[in-house]
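Structure, as structure tokens:
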Amino acid sequence: MTVKKLFWEDPYLKQCTATVMSVDGNRVTLDKTIVFAFSGGQASDSGTIHGYPVMAAQKVDREIVYEIEADHDLQVGQQVEVIIDWEKRYKIMKLHFAAEIVLELMVQNFNDPKKIGANITAEKARVDFEWHGNISEVFPLLQKRIEEIIDSSIPILSCFSDEEREIRYWKIDGFGKVPCGGTHIKNTGEIGAVLLKRGKRLGANKERIEIYLC
Ligand SMILES: [Zn+2]
């Protein structure tokens, strides 16, 4: 029995009650959680378990192990309140989906360039591509299309493609369907305005797109 990931069922949950399933020094697991652990480039959430700040959240296969301070009194079987830093998470969700749109627009409009990296924090998202030349040349088209998609407030569906193996995807009718295990907003309109910037040079034929909320 691995942790039930409520952040998929309802990515807007800010608080939940859970049961402590294991305690190993300062590492604990829960029966269910809303605290996302870094994966697919999406940063871990900040939050607390029974008031103890989560210092690290690590995905171990399908389990999530949380590190809290060593001097804690949590016991197996104990009921605890789990709270996330919602302001941080919501920024991550908006930037995450802005990055999804940028990526899909690149796939559709620029001959599916090879993605070589991605990272999403509450401050910015970045997507790196194998690319010849200056990637900011495509920004007018990207910026126009992403604004259209945001302004159209389009519903985003997020589902399991394989619930047993916890493989998920997001889908926008008529736009795209992409595998991803991150936490997604429900509507493109939530993103608001975004700004694209060319990131630092990564080396020959490698370019970075940075995305900011504004
Ligand atoms: Zn995603």
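Ligands are numbered from 1 in the order shown, chains are lettered A, B, ... in the order of the structure tokens, and residues start at 1 in each chain.
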Please identify every residue of chain A that has at least one atom no farther than 8 Å from an atom of ligand 1, counting only C-alpha atoms and all ligand atoms, and for each give the shortest atom pair and the distance in Å to one decimal, arranged by chain then increasing number, as CSV.
residue,atom,partner,partner_atom_place_in_ligand_line,distance
A:Gly40,CA,ligand 1,1 (Zn),7.9
A:His96,CA,ligand 1,1 (Zn),6.1
A:Phe97,CA,ligand 1,1 (Zn),6.2
A:Glu100,CA,ligand 1,1 (Zn),6.1
A:Tyr169,CA,ligand 1,1 (Zn),7.5
A:Trp170,CA,ligand 1,1 (Zn),6.8
A:Val178,CA,ligand 1,1 (Zn),7.8
A:Pro179,CA,ligand 1,1 (Zn),7.4
A:Cys180,CA,ligand 1,1 (Zn),4.5
A:Gly181,CA,ligand 1,1 (Zn),6.1
A:Gly182,CA,ligand 1,1 (Zn),4.7
A:Thr183,CA,ligand 1,1 (Zn),6.5
A:His184,CA,ligand 1,1 (Zn),6.1
Residues from the last selection, C-alpha atoms, saved as a PDB file, in the first residue's frame:
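What landed in result14.pdb:
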ATOM      1  CA  GLY A  40       9.220  15.491 -13.954  1.00  0.00           C
ATOM      2  CA  HIS A  96       3.896  24.246 -14.997  1.00  0.00           C
ATOM      3  CA  PHE A  97       0.980  24.517 -17.358  1.00  0.00           C
ATOM      4  CA  GLU A 100       3.220  22.531 -21.033  1.00  0.00           C
ATOM      5  CA  TYR A 169      -1.703  12.657 -18.776  1.00  0.00           C
ATOM      6  CA  TRP A 170      -3.304  16.014 -19.424  1.00  0.00           C
ATOM      7  CA  VAL A 178       0.611  14.718 -23.137  1.00  0.00           C
ATOM      8  CA  PRO A 179       1.811  12.260 -20.463  1.00  0.00           C
ATOM      9  CA  CYS A 180       2.675  14.021 -17.191  1.00  0.00           C
ATOM     10  CA  GLY A 181       2.488  13.205 -13.480  1.00  0.00           C
ATOM     11  CA  GLY A 182       2.560  16.803 -12.258  1.00  0.00           C
ATOM     12  CA  THR A 183      -0.226  18.837 -10.678  1.00  0.00           C
ATOM     13  CA  HIS A 184      -2.297  20.666 -13.288  1.00  0.00           C
TER      14      HIS A 184
END
Near Leu103 in chain A, counting only C-alpha atoms, which residues have an atom at most 9 Å away, once you skip same-chain residues fewer than 6 positions from it, shown as a PyMOL selection string?
chain A and resi 112+115+127
When you count only C-alpha atoms, which of these residues is closest to Glu148 in chain A: A:Trp86, A:Gly199, A:Thr188, A:Pro11?
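So, comparing all the options, the nearest one is A:Thr188.
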Contacts of Leu195 in chain A at 10 Å or less, counting only C-alpha atoms, minus same-chain residues fewer than 3 places along, as an NGL selection string?
:A and (98 or 124 or 139 or 143 or 146-147 or 210-214)
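When only C-alpha atoms are used to measure the gap to Cys16 in chain A, the shortest distance among A:Pro140, A:Gly41, A:Gly47, A:Gly174 belongs to A:Gly47.
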Just the residues within 7 Å of Gln78 in chain A, please, counting only C-alpha atoms, with nothing from its chain fewer than 3 positions along; format it as a PDB file with C-alpha atoms, in the first residue's frame.
ATOM      1  CA  THR A  19      -2.290   8.734   9.161  1.00  0.00           C
ATOM      2  CA  VAL A  20       1.420   8.176   9.765  1.00  0.00           C
ATOM      3  CA  LEU A  74       5.278  11.366  15.446  1.00  0.00           C
ATOM      4  CA  GLN A  75       4.179   7.762  15.927  1.00  0.00           C
TER       5      GLN A  75
END
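Minimum distance to Lys88 in chain A across A:Ile209, A:Ala122, A:Val60, A:Met55 (counting only C-alpha atoms) occurs at A:Ala122.
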Per DSSP on the backbone, filter range 11-210 of chain A down to the residues in strand (DSSP E) and report them as a tab-separated table (two decimals) with C-alpha atoms, in the first residue's frame.
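Result file follows (part-v4.tsv):
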chain	number	residue	atom	x	y	z
A	15	GLN	CA	-4.95	20.79	3.83
A	16	CYS	CA	-5.78	17.17	4.64
A	17	THR	CA	-5.81	14.74	7.54
A	18	ALA	CA	-3.56	11.70	7.15
A	19	THR	CA	-2.29	8.73	9.16
A	20	VAL	CA	1.42	8.18	9.77
A	21	MET	CA	2.32	4.84	8.16
A	22	SER	CA	6.03	4.59	8.99
A	23	VAL	CA	8.66	6.44	10.99
A	24	ASP	CA	12.36	5.89	10.35
A	27	ARG	CA	11.79	10.10	7.61
A	28	VAL	CA	8.05	9.47	7.63
A	29	THR	CA	5.43	8.14	5.24
A	30	LEU	CA	1.69	8.78	5.24
A	32	LYS	CA	-2.39	9.93	1.92
A	33	THR	CA	-0.84	13.26	1.04
A	47	GLY	CA	4.37	22.42	3.86
A	48	THR	CA	3.96	20.98	7.31
A	49	ILE	CA	3.04	17.59	8.79
A	52	TYR	CA	6.66	20.07	11.46
A	53	PRO	CA	8.05	21.72	8.33
A	56	ALA	CA	12.51	17.29	1.89
A	57	ALA	CA	10.00	15.24	-0.07
A	58	GLN	CA	11.41	12.35	-2.05
A	59	LYS	CA	9.66	10.05	-4.46
A	60	VAL	CA	10.83	6.46	-3.96
A	63	GLU	CA	6.03	5.99	-2.27
A	64	ILE	CA	6.80	9.50	-1.00
A	65	VAL	CA	9.19	9.88	1.94
A	66	TYR	CA	9.09	13.12	3.91
A	67	GLU	CA	11.95	14.40	6.01
A	79	GLN	CA	-3.52	11.20	12.79
A	80	VAL	CA	-1.83	14.32	11.49
A	81	GLU	CA	-2.84	17.48	9.71
A	82	VAL	CA	-0.95	18.09	6.48
A	83	ILE	CA	-0.82	21.63	5.12
A	84	ILE	CA	0.91	22.96	2.00
A	115	LYS	CA	13.55	18.69	-25.28
A	116	ILE	CA	16.70	18.33	-23.21
A	117	GLY	CA	15.52	19.62	-19.86
A	118	ALA	CA	12.75	21.28	-17.89
A	119	ASN	CA	12.36	22.71	-14.43
A	120	ILE	CA	9.48	24.39	-12.65
A	125	ALA	CA	9.67	27.62	-15.49
A	126	ARG	CA	12.28	26.72	-18.04
A	127	VAL	CA	12.33	24.35	-20.98
A	128	ASP	CA	15.57	23.56	-22.83
A	129	PHE	CA	15.79	22.44	-26.44
A	130	GLU	CA	18.31	21.30	-28.97
A	157	LEU	CA	-8.51	17.39	-18.27
A	158	SER	CA	-6.04	15.41	-16.12
A	159	CYS	CA	-6.46	11.62	-15.82
A	160	PHE	CA	-4.74	8.30	-15.38
A	161	SER	CA	-3.78	6.42	-18.51
A	162	ASP	CA	-2.66	3.54	-16.24
A	167	ILE	CA	0.83	7.04	-15.24
A	168	ARG	CA	-1.08	10.21	-15.95
A	169	TYR	CA	-1.70	12.66	-18.78
A	170	TRP	CA	-3.30	16.01	-19.42
A	171	LYS	CA	-5.55	16.77	-22.36
A	172	ILE	CA	-7.04	19.79	-24.05
A	176	GLY	CA	-2.96	18.17	-27.24
A	177	LYS	CA	-2.68	15.12	-25.00
A	178	VAL	CA	0.61	14.72	-23.14
A	179	PRO	CA	1.81	12.26	-20.46
A	194	VAL	CA	3.13	35.21	-18.98
A	195	LEU	CA	6.42	36.56	-20.23
A	196	LEU	CA	8.92	34.53	-22.25
A	197	LYS	CA	12.65	35.16	-22.01
A	198	ARG	CA	15.65	33.57	-23.62
A	206	LYS	CA	21.18	24.30	-26.93
A	207	GLU	CA	18.68	27.00	-26.07
A	208	ARG	CA	16.56	27.75	-23.02
A	209	ILE	CA	13.09	29.29	-22.85
A	210	GLU	CA	12.22	30.84	-19.50
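CA of Ile101 in chain A is positioned 11.2 Å from CA of Ile156 in chain A.
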Using Å and a single decimal, report how far CA of Met1 in chain A sits from CA of Val54 in chain A.
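These atoms are spaced 21.8 Å apart.
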